[in-house]
file protein32.txt (compact mmCIF, C-alpha atoms and all ligand atoms)
# COMPACT_ATOMS: atom_id res chain seq x y z
CA MET V 210 98.11 107.47 105.68
CA LYS V 211 101.39 106.74 107.51
CA THR V 212 102.06 102.97 107.58
CA ASN V 213 102.51 102.75 111.34
CA LEU V 214 99.33 104.70 112.05
CA LEU V 215 97.36 102.47 109.68
CA LYS V 216 98.88 99.34 111.28
CA ASP V 217 97.86 100.59 114.69
CA ILE V 218 94.27 101.33 113.63
CA VAL V 219 93.81 97.97 111.89
CA LYS V 220 95.37 96.05 114.79
CA LYS V 221 93.00 97.70 117.27
CA ILE V 222 90.03 96.86 115.01
CA PHE V 223 91.06 93.19 114.90
CA ILE V 224 91.56 93.09 118.67
CA ARG V 225 88.10 94.64 119.17
CA HIS V 226 86.76 91.85 116.99
CA GLY V 227 88.18 89.28 119.38
CA LEU V 228 91.57 88.40 117.94
CA SER V 229 94.54 87.97 120.29
CA ILE V 230 97.31 90.56 120.00
CA LYS V 231 99.51 87.94 118.29
CA HIS V 232 96.89 86.92 115.73
CA ALA V 233 95.93 90.56 115.10
CA SER V 234 99.60 91.38 114.38
CA ILE V 235 99.87 88.47 111.91
CA CYS V 236 96.78 89.73 110.04
CA VAL V 237 97.94 93.34 110.04
CA GLU V 238 101.36 92.47 108.61
CA ALA V 239 99.76 90.47 105.77
CA LEU V 240 97.25 93.21 104.89
CA ILE V 241 99.83 96.01 105.01
CA ASN V 242 102.22 93.94 102.91
CA ALA V 243 99.49 93.68 100.25
CA GLU V 244 99.23 97.49 100.22
CA LEU V 245 103.02 97.88 100.02
CA VAL V 246 103.45 95.46 97.11
CA GLY V 247 100.75 97.33 95.18
CA ALA V 248 97.89 94.83 95.65
CA PRO V 249 95.28 96.98 97.45
CA SER V 250 92.58 94.55 96.28
CA HIS V 251 93.98 92.16 98.91
CA GLY V 252 94.74 94.81 101.51
CA ILE V 253 92.70 97.04 103.82
CA SER V 254 89.80 97.01 101.33
CA ARG V 255 89.06 93.50 102.69
CA LEU V 256 89.14 94.43 106.38
CA LYS V 257 85.39 95.01 106.65
CA MET V 258 84.71 91.66 105.00
CA TYR V 259 86.87 89.85 107.58
CA CYS V 260 85.20 91.77 110.44
CA ASP V 261 81.70 91.12 109.06
CA ARG V 262 82.48 87.40 108.92
CA ILE V 263 83.74 87.47 112.52
CA SER V 264 80.59 89.33 113.65
CA LYS V 265 78.41 86.77 111.87
CA ASN V 266 80.30 83.89 113.55
CA VAL V 267 81.63 82.39 110.35
CA ILE V 268 85.27 83.27 111.15
CA ASN V 269 86.53 82.17 114.54
CA PRO V 270 88.56 85.05 116.00
CA ARG V 271 89.93 82.80 118.76
CA ALA V 272 90.82 79.89 116.49
CA LYS V 273 92.95 77.17 118.04
CA ILE V 274 95.17 75.96 115.23
CA LYS V 275 95.66 72.18 115.51
CA ILE V 276 98.86 70.72 114.09
CA LYS V 277 99.11 67.02 113.29
CA LYS V 278 102.67 65.92 112.58
CA ILE V 279 102.57 63.11 110.02
CA SER V 280 106.35 62.75 109.59
CA GLN V 281 109.48 64.88 110.03
CA SER V 282 108.61 66.57 106.73
CA ILE V 283 104.83 66.49 106.61
CA SER V 284 102.18 68.18 108.75
CA HIS V 285 98.43 68.58 108.55
CA ILE V 286 96.82 71.66 110.04
CA ASN V 287 93.22 72.14 111.08
CA GLY V 288 92.69 75.89 110.93
CA ASN V 289 89.57 75.82 113.16
CA ASN V 290 87.82 78.39 110.89
CA ASN V 291 90.55 80.96 111.50
CA ILE V 292 90.80 84.15 109.51
CA GLY V 293 93.17 82.49 107.01
CA PHE V 294 96.28 84.54 107.72
CA VAL V 295 96.83 82.81 111.06
CA ALA V 296 96.80 79.20 109.81
CA ALA V 297 98.83 80.19 106.74
CA ASP V 298 101.45 81.86 108.95
CA THR V 299 101.69 78.73 111.13
CA ALA V 300 101.84 76.50 108.06
CA ILE V 301 104.61 78.33 106.23
CA ASN V 302 106.72 78.44 109.39
CA ILE V 303 106.33 74.69 109.93
CA ALA V 304 107.07 73.98 106.25
CA ILE V 305 110.22 76.14 106.43
CA ASN V 306 111.46 74.41 109.58
CA SER V 307 110.75 70.94 108.18
CA ALA V 308 112.56 71.78 104.94
CA LYS V 309 115.58 73.08 106.85
CA LYS V 310 115.75 69.82 108.82
CA THR V 311 114.87 67.22 106.20
CA GLY V 312 115.15 68.89 102.79
CA ILE V 313 111.41 69.15 102.25
CA GLY V 314 108.44 70.49 104.18
CA LEU V 315 104.90 69.76 103.08
CA VAL V 316 102.02 71.28 105.03
CA ALA V 317 98.33 70.91 104.18
CA VAL V 318 95.73 73.17 105.79
CA LYS V 319 91.97 72.61 106.06
CA ASN V 320 89.20 74.65 107.72
CA SER V 321 90.85 77.91 106.76
CA GLY V 322 89.81 81.23 105.25
CA HIS V 323 91.01 83.77 102.69
CA TYR V 324 94.74 84.33 103.43
CA GLY V 325 95.45 87.17 100.99
CA LEU V 326 98.47 86.92 98.68
CA SER V 327 100.20 83.56 98.18
CA GLY V 328 103.43 85.40 97.38
CA TYR V 329 103.58 86.82 100.90
CA TYR V 330 104.11 83.31 102.29
CA ALA V 331 106.40 82.25 99.44
CA GLU V 332 108.67 85.25 100.16
CA GLN V 333 109.14 84.07 103.74
CA ALA V 334 110.57 80.74 102.52
CA VAL V 335 112.72 82.35 99.84
CA LYS V 336 114.16 84.78 102.41
CA LYS V 337 115.43 81.66 104.22
CA GLY V 338 117.13 80.41 101.04
CA LEU V 339 114.42 77.86 100.21
CA MET V 340 112.34 77.03 97.14
CA VAL V 341 108.57 77.04 97.61
CA MET V 342 105.19 76.31 96.07
CA VAL V 343 101.94 77.60 97.57
CA PHE V 344 98.37 76.79 96.54
CA THR V 345 94.97 77.86 97.81
CA ASN V 346 91.46 77.49 96.48
CA ALA V 347 88.89 80.25 96.47
CA PRO V 348 85.13 80.73 95.91
CA PRO V 349 83.58 80.06 92.49
CA ALA V 350 84.47 82.68 89.92
CA VAL V 351 85.66 80.84 86.81
CA ALA V 352 83.67 78.37 84.70
CA PRO V 353 85.45 75.07 84.01
CA HIS V 354 86.18 74.79 80.27
CA GLY V 355 82.96 73.79 78.56
CA ALA V 356 80.71 74.52 81.59
CA LEU V 357 78.02 77.21 81.74
CA LYS V 358 78.51 77.94 85.43
CA SER V 359 81.46 79.20 87.46
CA LEU V 360 82.90 76.71 89.92
CA PHE V 361 86.67 77.19 90.22
CA GLY V 362 88.09 80.01 92.23
CA THR V 363 90.73 82.29 90.78
CA ASN V 364 92.98 79.69 92.51
CA PRO V 365 96.45 81.28 92.48
CA ILE V 366 99.55 79.30 91.58
CA CYS V 367 102.67 80.45 93.37
CA PHE V 368 106.29 79.38 92.99
CA GLY V 369 109.31 81.05 94.54
CA THR V 370 113.05 80.46 94.46
CA PRO V 371 116.20 82.18 95.63
CA THR V 372 118.00 83.78 92.70
CA GLY V 373 121.47 84.37 94.07
CA SER V 374 120.56 88.07 94.32
CA LYS V 375 118.44 89.89 96.89
CA VAL V 376 115.48 90.03 94.50
CA PRO V 377 113.53 86.76 94.79
CA PHE V 378 111.82 85.02 91.88
CA ILE V 379 108.14 84.83 92.90
CA LEU V 380 105.62 83.76 90.30
CA ASP V 381 102.25 84.39 91.94
CA THR V 382 99.39 84.36 89.51
CA SER V 383 95.64 83.83 89.51
CA ILE V 384 94.43 81.41 86.85
CA SER V 385 91.87 84.01 85.77
CA MET V 386 92.58 86.84 83.33
CA ILE V 387 92.52 89.22 86.30
CA ASN V 388 92.14 88.50 90.00
CA ARG V 389 88.66 88.84 91.52
CA GLY V 390 89.86 91.42 94.05
CA LYS V 391 90.52 93.86 91.20
CA ILE V 392 86.95 93.38 89.94
CA ARG V 393 85.52 93.92 93.45
CA LEU V 394 87.60 97.07 93.86
CA ALA V 395 86.42 98.40 90.47
CA ALA V 396 82.81 97.66 91.49
CA ARG V 397 83.26 99.63 94.73
CA GLU V 398 84.95 102.52 93.02
CA GLY V 399 82.68 102.65 89.98
CA SER V 400 85.45 102.05 87.44
CA LYS V 401 85.45 99.68 84.46
CA ILE V 402 87.36 96.42 84.07
CA PRO V 403 89.39 95.59 80.95
CA LYS V 404 87.77 93.90 77.94
CA GLY V 405 88.15 90.14 77.61
CA VAL V 406 88.33 89.23 81.30
CA ALA V 407 84.70 88.42 82.17
CA LEU V 408 81.22 87.59 80.85
CA ASP V 409 77.90 88.76 82.33
CA LYS V 410 75.31 86.27 83.57
CA PHE V 411 73.97 85.90 80.02
CA GLY V 412 77.42 84.92 78.72
CA ARG V 413 78.02 88.29 77.02
CA PRO V 414 81.44 90.02 77.28
CA THR V 415 81.32 92.88 79.82
CA THR V 416 83.53 95.64 81.19
CA ASP V 417 81.05 96.38 84.01
CA PRO V 418 82.54 94.93 87.23
CA LYS V 419 79.12 94.43 88.86
CA LYS V 420 77.89 92.42 85.88
CA ALA V 421 81.17 90.50 85.88
CA LEU V 422 80.70 89.55 89.54
CA GLU V 423 77.25 88.17 88.68
CA GLY V 424 78.61 86.36 85.63
CA VAL V 425 81.85 84.43 85.13
CA GLN V 426 85.51 85.36 84.96
CA LEU V 427 87.51 83.97 82.08
CA PRO V 428 90.49 81.70 82.77
CA ILE V 429 93.93 82.40 81.30
CA ALA V 430 94.61 80.48 78.09
CA GLU V 431 91.16 78.85 77.84
CA PHE V 432 91.22 75.07 78.64
CA ARG V 433 94.80 75.31 79.91
CA GLY V 434 93.83 77.84 82.58
CA SER V 435 90.77 75.78 83.44
CA GLY V 436 93.05 72.73 83.87
CA LEU V 437 95.40 74.66 86.14
CA ALA V 438 92.47 75.88 88.26
CA TRP V 439 91.30 72.29 88.56
CA MET V 440 94.80 71.17 89.63
CA VAL V 441 94.85 73.82 92.38
CA ASP V 442 91.37 72.77 93.55
CA ILE V 443 92.59 69.16 93.87
CA LEU V 444 95.87 70.10 95.60
CA SER V 445 94.41 72.60 98.04
CA GLY V 446 90.88 71.21 98.43
CA VAL V 447 90.61 67.47 97.72
CA LEU V 448 94.06 66.60 99.13
CA THR V 449 93.92 68.74 102.29
CA GLY V 450 90.39 67.98 103.54
CA GLY V 451 89.22 71.49 102.66
CA ASN V 452 86.14 72.38 100.62
CA HIS V 453 86.45 71.83 96.87
CA ALA V 454 84.36 71.48 93.70
CA GLY V 455 82.78 74.91 94.12
CA ARG V 456 81.82 74.53 97.79
CA VAL V 457 84.05 77.37 99.13
CA LYS V 458 81.64 80.13 100.14
CA ASP V 459 82.00 83.66 98.80
CA PRO V 460 83.44 85.64 101.73
CA PHE V 461 81.58 88.84 100.82
CA THR V 462 78.10 87.50 100.16
CA ASP V 463 77.67 84.08 101.78
CA PHE V 464 77.50 84.08 105.56
CA SER V 465 75.77 80.72 105.83
CA GLY V 466 78.89 79.09 107.28
CA PRO V 467 82.70 79.07 107.33
CA GLN V 468 84.57 78.86 104.04
CA ASN V 469 86.69 75.80 104.88
CA ILE V 470 89.30 76.81 102.33
CA GLY V 471 92.32 74.54 101.88
CA HIS V 472 95.93 75.58 101.36
CA LEU V 473 99.06 73.62 100.51
CA PHE V 474 102.61 74.75 101.27
CA PHE V 475 105.57 72.84 99.80
CA VAL V 476 109.05 74.06 100.73
CA LEU V 477 112.34 72.48 99.65
CA LYS V 478 116.07 73.05 99.81
CA PRO V 479 117.28 74.21 96.40
CA ASN V 480 120.56 72.27 96.79
CA LEU V 481 118.85 68.86 97.05
CA PHE V 482 120.08 67.54 93.70
CA VAL V 483 122.88 69.84 92.52
CA GLY V 484 124.49 70.80 95.84
CA ASN V 485 126.10 74.19 96.13
CA SER V 486 126.14 74.66 92.38
CA PHE V 487 122.45 75.69 92.57
CA ASN V 488 123.44 79.30 93.10
CA LYS V 489 125.62 79.35 90.00
CA ARG V 490 123.00 77.49 87.97
CA ILE V 491 120.09 79.81 88.87
CA LYS V 492 122.21 82.90 88.18
CA ASP V 493 123.22 81.44 84.80
CA ASN V 494 119.57 80.64 84.04
CA ILE V 495 118.35 84.17 84.77
CA LYS V 496 121.33 85.85 83.08
CA THR V 497 120.84 83.80 79.88
CA ILE V 498 117.18 84.74 79.67
CA LYS V 499 117.77 88.40 80.44
CA ARG V 500 120.38 88.63 77.68
CA LEU V 501 117.96 87.60 74.93
CA PRO V 502 117.25 90.15 72.21
CA LYS V 503 114.25 92.25 73.25
CA ILE V 504 111.16 93.29 71.34
CA ASN V 505 110.69 97.02 70.65
CA GLY V 506 109.88 99.05 73.74
CA VAL V 507 111.17 96.45 76.24
CA LYS V 508 114.19 97.68 78.20
CA GLU V 509 114.63 94.64 80.41
CA ILE V 510 113.23 91.11 80.50
CA LEU V 511 111.87 90.87 84.03
CA TYR V 512 111.45 87.72 86.02
CA PRO V 513 108.30 87.25 88.13
CA GLY V 514 108.51 89.16 91.38
CA GLN V 515 111.06 91.72 90.17
CA SER V 516 108.61 94.59 89.67
CA LYS V 517 106.85 93.76 92.92
CA PHE V 518 110.15 93.90 94.82
CA ASN V 519 110.86 97.37 93.41
CA ARG V 520 107.31 98.56 94.12
CA PHE V 521 107.62 97.37 97.72
CA LYS V 522 110.94 99.21 98.17
CA ASN V 523 109.52 102.44 96.75
CA ASN V 524 106.25 102.20 98.65
CA LEU V 525 108.09 101.77 101.95
CA LYS V 526 109.16 105.40 101.61
CA LYS V 527 105.61 106.64 100.97
CA GLU V 528 102.34 106.86 102.85
CA ILE V 529 99.69 104.24 102.01
CA HIS V 530 96.94 105.56 99.77
CA ILE V 531 93.53 104.93 101.30
CA THR V 532 90.51 105.39 99.04
CA LYS V 533 87.33 107.13 100.24
CA ALA V 534 85.46 103.81 100.38
CA VAL V 535 88.15 102.19 102.54
CA LEU V 536 88.37 105.25 104.79
CA LYS V 537 84.62 104.94 105.35
CA ASP V 538 85.12 101.28 106.36
CA LEU V 539 87.87 102.25 108.79
CA GLU V 540 85.70 104.96 110.37
CA TYR V 541 82.78 102.56 110.66
CA LEU V 542 84.90 99.73 112.12
CA GLN V 543 86.43 102.07 114.69
CA SER V 544 82.98 103.29 115.71
CA ILE V 545 81.40 99.90 116.46
N1 LIG V 601 93.79 84.11 98.38
C1 LIG V 601 93.08 84.01 97.26
O1 LIG V 601 92.03 83.40 97.23
C2 LIG V 601 93.60 84.63 96.00
C3 LIG V 601 92.93 84.37 94.79
C4 LIG V 601 93.44 84.93 93.63
C5 LIG V 601 94.57 85.74 93.67
N2 LIG V 601 95.19 85.96 94.84
C6 LIG V 601 96.39 86.78 94.89
O2 LIG V 601 96.25 87.92 94.10
C7 LIG V 601 97.54 88.37 93.70
C8 LIG V 601 97.50 88.96 92.33
O3 LIG V 601 97.30 87.96 91.35
P1 LIG V 601 97.33 88.39 89.82
O4 LIG V 601 96.96 87.20 89.00
O5 LIG V 601 96.57 89.65 89.65
O6 LIG V 601 98.87 88.70 89.61
P2 LIG V 601 99.54 89.65 88.50
O7 LIG V 601 98.81 89.52 87.22
O8 LIG V 601 99.72 90.99 89.06
O9 LIG V 601 100.98 88.98 88.35
C9 LIG V 601 101.12 87.62 88.01
C10 LIG V 601 102.60 87.25 87.99
O10 LIG V 601 103.21 87.81 86.86
C11 LIG V 601 104.41 88.46 87.22
N3 LIG V 601 104.61 89.58 86.29
C12 LIG V 601 103.87 90.70 86.18
N4 LIG V 601 104.37 91.48 85.21
C13 LIG V 601 105.45 90.86 84.69
C14 LIG V 601 106.38 91.16 83.67
N5 LIG V 601 106.32 92.29 82.96
N6 LIG V 601 107.36 90.28 83.41
C15 LIG V 601 107.44 89.14 84.13
N7 LIG V 601 106.60 88.79 85.11
C16 LIG V 601 105.60 89.63 85.38
C17 LIG V 601 104.19 88.92 88.63
O11 LIG V 601 105.43 89.05 89.31
C18 LIG V 601 103.38 87.77 89.20
O12 LIG V 601 104.21 86.76 89.67
C19 LIG V 601 98.48 87.19 93.90
O13 LIG V 601 99.34 87.52 94.95
C20 LIG V 601 97.58 86.04 94.30
O14 LIG V 601 98.15 85.16 95.26
C21 LIG V 601 94.73 85.43 96.02

call {"tool": "encode", "arguments": {"input": "protein32.txt", "output": "structure tokens"}}
result
Amino acid sequence: MKTNLLKDIVKKIFIRHGLSIKHASICVEALINAELVGAPSHGISRLKMYCDRISKNVINPRAKIKIKKISQSISHINGNNNIGFVAADTAINIAINSAKKTGIGLVAVKNSGHYGLSGYYAEQAVKKGLMVMVFTNAPPAVAPHGALKSLFGTNPICFGTPTGSKVPFILDTSISMINRGKIRLAAREGSKIPKGVALDKFGRPTTDPKKALEGVQLPIAEFRGSGLAWMVDILSGVLTGGNHAGRVKDPFTDFSGPQNIGHLFFVLKPNLFVGNSFNKRIKDNIKTIKRLPKINGVKEILYPGQSKFNRFKNNLKKEIHITKAVLKDLEYLQSI
């Protein structure tokens, strides 16, 4: 489907679900960006989930985002059970402005929802020449190391920096072997998931996405991944006033209340310690690594975000592929 047509349809659906034109536009841009960077698991396939949560009064479509300024650099946002994208958009903009003024911007968000891809917000800071870290927690999916039950979300860790070229460095990774969105998409489309990423509810390895959703996802690098997930839960949940310790509700299956997800945005000027030589230093860093001898079959050592940047550029020229299941959602959401 043509990007503009899809944007128009999705925007109208959000507006019919009670969002203001401004908030609907923020959500549309985030969802379409996910499609364009090749992450359809965080794109339009989630639209029905957001709308269902609005209809069941567990997302507030008219959220009034409250901003508490703690200092020139630090703000605390109460997202008022917004759809996630709206508070995250406010937060990254405040963090960027604070960093421009004072060198650093730190914004914590509570009472929020699923905001899609962390990298989308990181890119906005990097485009302004700033370094950035973004954290969010998510519903239980991964068992803490040594535990029998999932509790951590796939809690992405995201870091971005200008590179001295137009292609930003954006490391944006779940702490699970694969992100949960990919498993949900596979379950909807009846495809299998790779081996070694999940266990069923009896603790047996599975490639069946439905069984994986009932069981646990495996963290990256065993106890190290579990530790990173825990760190993200503390930074985005405990620190911000958001839910934590497994209390974030699953957006697809638990309509008993709002998610109260927490996010943390930390933006800083890259020249804080080395002045204008940062540009030269980051270029030298990347060049040195890219020049290393390569293993067989590798043409180029890529830095995080490089492939995504190229995918985005190529996808801009194409129509967005909409699966049958998502088309059905769109038809349904337009009809209600
Ligand atoms: N909001 C939420 O609750 C939530 C939860 C989990 C994940 N997510 C999002 O899902 C998205 C996907 O996460 P993911 O774990 O599937 O990411 P991924 O596995 O696709 O990529 C992880 C990182 O590795 C980098 N990378 C990939 N191939 C590379 C290569 N050959 N060389 C060097 N670097 C390479 C990517 O640029 C990326 O930064 C992220 O944007 C994340 O923010 C959101």

call {"tool": "residues_near_ligand", "arguments": {"input": "protein32.txt", "ligand": "ligand LIG 601 (chain V)", "cutoff": "8 Å", "atoms": "only C-alpha atoms and all ligand atoms", "output": "ChimeraX atom specification"}}
result
/V:248,250-251,323-329,345-348,362-367,378-391,510-517

call {"tool": "residues_around", "arguments": {"input": "protein32.txt", "residues": "Lys489 of chain V", "least_positions_apart": "6", "cutoff": "12 Å", "atoms": "only C-alpha atoms", "output": "list in words"}}
result
Pro371, Thr372, Gly373, Ser374, Pro479, Asn480, Val483, Ile495 and Lys496 of chain V

call {"tool": "residues_around", "arguments": {"input": "protein32.txt", "residues": "segment 394-405 of chain V", "least_positions_apart": "6", "cutoff": "7 Å", "atoms": "only C-alpha atoms", "output": "PDB file with C-alpha atoms, in the coordinates of the input"}}
result
ATOM      1  CA  SER V 250      92.580  94.550  96.280  1.00  0.00           C
ATOM      2  CA  PRO V 414      81.440  90.020  77.280  1.00  0.00           C
ATOM      3  CA  THR V 415      81.320  92.880  79.820  1.00  0.00           C
ATOM      4  CA  THR V 416      83.530  95.640  81.190  1.00  0.00           C
ATOM      5  CA  ASP V 417      81.050  96.380  84.010  1.00  0.00           C
ATOM      6  CA  PRO V 418      82.540  94.930  87.230  1.00  0.00           C
ATOM      7  CA  LYS V 419      79.120  94.430  88.860  1.00  0.00           C
TER       8      LYS V 419
END

call {"tool": "closest_residue", "arguments": {"input": "protein32.txt", "among": "V:Ala308, V:Ala272, V:Leu215, V:Ile292", "to": "Gly322 of chain V", "atoms": "all atoms listed in the file"}}
result
V:Ile292

call {"tool": "residues_around", "arguments": {"input": "protein32.txt", "residues": "Val476 of chain V", "least_positions_apart": "6", "cutoff": "6 Å", "atoms": "all atoms listed in the file", "output": "list of chain:residue names"}}
result
V:Ala304, V:Ala308, V:Ile313, V:Gly314, V:Met340, V:Val341

call {"tool": "closest_residue", "arguments": {"input": "protein32.txt", "among": "V:Phe368, V:Phe518, V:Phe294, V:Phe461", "to": "Leu339 of chain V", "atoms": "all atoms listed in the file"}}
result
V:Phe368

call {"tool": "closest_residue", "arguments": {"input": "protein32.txt", "among": "V:Gln468, V:Asn524, V:Thr212, V:Thr532", "to": "Tyr259 of chain V", "atoms": "only C-alpha atoms"}}
result
V:Gln468

call {"tool": "atom_distance", "arguments": {"input": "protein32.txt", "atom1": "atom CA of His472 of chain V", "atom2": "atom CA of Ile276 of chain V"}}
result
13.9 Å

call {"tool": "atom_distance", "arguments": {"input": "protein32.txt", "atom1": "atom CA of Lys319 of chain V", "atom2": "atom CA of Pro349 of chain V"}}
result
17.6 Å

call {"tool": "atom_distance", "arguments": {"input": "protein32.txt", "atom1": "atom CA of Ala243 of chain V", "atom2": "atom CA of Asp298 of chain V"}}
result
14.8 Å

call {"tool": "residues_near_point", "arguments": {"input": "protein32.txt", "point": "(116.0, 67.0, 102.8)", "cutoff": "9 Å", "atoms": "all atoms listed in the file", "output": "mmCIF file with C-alpha atoms, in the frame of the given file"}}
result
data_model
loop_
_atom_site.group_PDB
_atom_site.id
_atom_site.type_symbol
_atom_site.label_atom_id
_atom_site.label_comp_id
_atom_site.auth_asym_id
_atom_site.auth_seq_id
_atom_site.Cartn_x
_atom_site.Cartn_y
_atom_site.Cartn_z
ATOM 1 C CA SER V 282 108.610 66.570 106.730
ATOM 2 C CA SER V 307 110.750 70.940 108.180
ATOM 3 C CA ALA V 308 112.560 71.780 104.940
ATOM 4 C CA LYS V 309 115.580 73.080 106.850
ATOM 5 C CA LYS V 310 115.750 69.820 108.820
ATOM 6 C CA THR V 311 114.870 67.220 106.200
ATOM 7 C CA GLY V 312 115.150 68.890 102.790
ATOM 8 C CA ILE V 313 111.410 69.150 102.250
ATOM 9 C CA GLY V 314 108.440 70.490 104.180
ATOM 10 C CA LEU V 477 112.340 72.480 99.650
ATOM 11 C CA LYS V 478 116.070 73.050 99.810
ATOM 12 C CA LEU V 481 118.850 68.860 97.050
#

call {"tool": "residues_around", "arguments": {"input": "protein32.txt", "residues": "Ile222 of chain V", "least_positions_apart": "4", "cutoff": "8 Å", "atoms": "all atoms listed in the file", "output": "PyMOL selection string"}}
result
chain V and resi 218+226+542-543

call {"tool": "residues_near_point", "arguments": {"input": "protein32.txt", "point": "(105.4, 75.2, 112.7)", "cutoff": "12 Å", "atoms": "all atoms listed in the file", "output": "PyMOL selection string"}}
result
chain V and resi 274-278+281-286+295-309+314-317+474

call {"tool": "residues_around", "arguments": {"input": "protein32.txt", "residues": "His232 of chain V", "least_positions_apart": "2", "cutoff": "9 Å", "atoms": "all atoms listed in the file", "output": "compact mmCIF listing (two decimals) with C-alpha atoms, keeping the file's coordinate frame"}}
result
# COMPACT_ATOMS: atom_id res chain seq x y z
CA PHE V 223 91.06 93.19 114.90
CA ILE V 224 91.56 93.09 118.67
CA LEU V 228 91.57 88.40 117.94
CA SER V 229 94.54 87.97 120.29
CA ILE V 230 97.31 90.56 120.00
CA SER V 234 99.60 91.38 114.38
CA ILE V 235 99.87 88.47 111.91
CA CYS V 236 96.78 89.73 110.04
CA VAL V 237 97.94 93.34 110.04
CA PRO V 270 88.56 85.05 116.00
CA ARG V 271 89.93 82.80 118.76
CA PHE V 294 96.28 84.54 107.72
CA VAL V 295 96.83 82.81 111.06

call {"tool": "closest_residue", "arguments": {"input": "protein32.txt", "among": "V:Ser445, V:Leu214, V:Glu332, V:Arg456", "to": "Val246 of chain V", "atoms": "only C-alpha atoms"}}
result
V:Glu332

call {"tool": "closest_residue", "arguments": {"input": "protein32.txt", "among": "V:Ile491, V:Ser321, V:Gly506, V:Phe521", "to": "Gly451 of chain V", "atoms": "all atoms listed in the file"}}
result
V:Ser321
